[in-house]
Structures are given as structure tokens and as C-alpha cells.
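The structure appears right after this line, and notes come after that.
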Amino acid sequence: MSNVKVIEINQSVFAQNEIRSQIIRDSLAKSGTFFINFMSSPGSGKTTTLVALINRLKDRLNIAEMNVDIKTILDAQKVADKTGIRSMQINNAGLCHIDADMVERSLAQFDVSGVDLLILENIGNLVCPAEFDTGAHKNLTILSVPEGGDKPLKYPLMYQVSDVVLINKIDALPYFNFNMDSARERILKLNPKALIFPISAKTGEGLDAVCDWILERTEEIKKNAVK
């Protein structure tokens, strides 16, 4: 009989991250800040969508944004330049994700007191970001038409953890073999509670419905905030 030692680890390897995430969520909720985590693959139009949404909402909400990339400040600068809001760049030294510890340390350097809506533009990746809770109140994923409607089959966890899915670039539907009904069915099979909004960040189609959802959730957070 071989001399093999078996170690059983019953505690989730993500346990500490989950604890920190809940602390972030509770703290921001108490101060009346709604925190959304935006995720997607590279090239889905995440930054363009954020700019369009922020410009529609910034007269009604005090908004701040944190952007995660391996290198550069390009996306954070783009958001700041095109919207006028405060934007913070988080360079994560080559990691494929951001976790609650990184968010917590970033918030220690980024004053969000008085902020109604805090947005995290996560790193472009459909794998790692889905695995790490950031402390956001809601997760939002963008699926673009050119990527194809099979992404939920290939990356199921991303769609299981997302409260909202934006199907972006619907202005390109005539040029791609993308079946909207099939994409919806695949997403809802993985996550029956997911809200799905077909949008075009380029033309603005569908963005008003997304803004209404954000405003409703922000109001809910503010109503329950500690006075």
C-alpha cells in the first residue's frame, strides 16, 4: 500500500475573499453608494458602453469609476475625458482578475463619500473575473453580437454570476449570424433571474432601459442607507 497522505480542505479557498466582499458591500450600502461590477471579454464595447451610460446618468447621479487593466491608463483616461467624472486606474500587475482585497485597497485611496454610483470596469476576461467576488452589489456582463451567441455555453460561470447581461452591438445584427432568441435561452438556462437588455452603445438603442434599472437600484440603496 502506497504511503499517501490525504488532506481534506473543507473551507472554500475563496472564503476570505467572500468575507472581504461582504464587508465592502455592506459599507457602501450603508453610505448609500450603489456598486456595479462590469465584466466582458476584450472588444465587447465595455468602455464605450460605460461612457454612453455615464453621460446619460451624470446629471442625476454622482458617479465615480474604477478601471482595471494589466497596463496603461487608456480606458480610465477615456472615461474621464469623455464624461468628466472621476476615474481611477488600477493596474493589477499582470493578473487576470481583481478581487475584494484589491478593491478594498483601491477604495482606501479613492474617496467615494457622497458617490451615488460606483462602477468597476473589470479586466477583459470571461474566466477569472467570474470567479472572484469584488464586493459589488450587482454584476453586469456585456456580450457583443460579433462574439457570437455561443459564449454562454463556453463560459457558463460568467453568466451564472451576472445579474444583468447587455447584448451589445445590435446595430451589427444584419452582418453576423447571431440568433437573439437562442442567446437569451442559453443565458436564462444558466441563470433564470438574469435581466437581459439588447443595446447598441454606438446608436444608443436600448440604453434608456439600462439607465432606468440603474436609477431604480441606486434609489433602493439610498433608501436603506444609514442616515
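Residues are referred to by chain and number: the chain letter is A, B, ... according to the order shown in the C-alpha cells, the number counts from 1 in that chain, and ligands are numbered separately from 1 in the order shown.
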
Quick check for you: according to DSSP on this backbone, which residues of stretch 26-200 of chain A are classed as alpha helix (DSSP H)? Reply as a VMD selection string.
chain A and resid 26 to 31 46 to 57 74 to 83 100 to 107 128 to 131 151 to 154 156 to 160 180 to 190

Can you list, as a list in words, every protein, DNA or RNA residue that comes within 8 Å of stretch 78-92 of chain A when you count only C-alpha atoms, leaving out same-chain residues fewer than 4 positions away?
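Selected residues are Thr47, Leu50, Val51, Ile54, Asn55, Lys58, Ile63, Ala64, Glu65, Met66, Asn67, Val68, Asp69, Ile70, Lys71, Thr72, Ile73, Leu74, His97, Ile98, Ser106 and Phe110 of chain A.
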
Where does stretch 144-164 of chain A meet stretch 200-211 of chain A within 10 Å, residue by residue, with the nearest atom pair and distance in Å to one decimal for each, counting only C-alpha atoms, listed by chain and rising number, as a Markdown table?
| residue | atom | partner | partner_atom | distance |
| --- | --- | --- | --- | --- |
| A:Ser144 | CA | A:Ser200 | CA | 9.2 |
| A:Val145 | CA | A:Ser200 | CA | 9.9 |
| A:Val164 | CA | A:Val210 | CA | 9.4 |

In Å to one decimal, how far is atom CA of A:Val127 from atom CA of A:Val161?
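Separating atom CA of A:Val161 from atom CA of A:Val127 is a distance of 11.4 Å.
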
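Closest approach to A:Lys30 from the set A:Ser113, A:Pro174, A:Asp212, A:Lys46 is made by A:Ser113, with distances taken over only C-alpha atoms.
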
Counting only C-alpha atoms, the residue of A:Leu143, A:Ile123, A:Gly43, A:Leu188 that sits nearest A:Gly94
A:Ile123

Find the residues near A:His137: any atom within 10 Å, counting only C-alpha atoms, skip ones fewer than 4 places away on the same chain, and give them as a PyMOL selection string.
chain A and resi 21-22+24-26+28-29+33-37+133+163+217+221

Atom CA of A:Asp181 to atom CA of A:Lys193: how many Å, to one decimal?
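Atom CA of A:Asp181 sits 16.3 Å away from atom CA of A:Lys193.
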
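Using only C-alpha atoms, the nearest neighbour of A:Ile214 within the list A:Ala93, A:Val103, A:Asp116, A:Ala76 is A:Asp116.
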
Excluding A:Thr141 and residues on its chain fewer than 4 positions from it, collect all residues at most 10 Å away from it, counting only C-alpha atoms, and give them as a VMD selection string.
chain A and resid 37 to 41 44 46 122 126 130 158 to 159 161 to 167 196

Per DSSP on the backbone, what are the strand (DSSP E) residues of chain A, as a ChimeraX atom specification?
/A:34-40,63-69,86-91,117-121,138-144,164-168,195-198

To one decimal place, how far is atom CA of A:Leu120 from atom CA of A:Asn168 in Å?
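Computing it gives 18.2 Å between the two atoms.
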
With only C-alpha atoms as the atoms that count, which of A:Leu157, A:Ile199, A:Leu117, A:Leu53 lies nearest to A:Phe132?
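Checking each candidate against A:Phe132, we get A:Leu157 as the closest.
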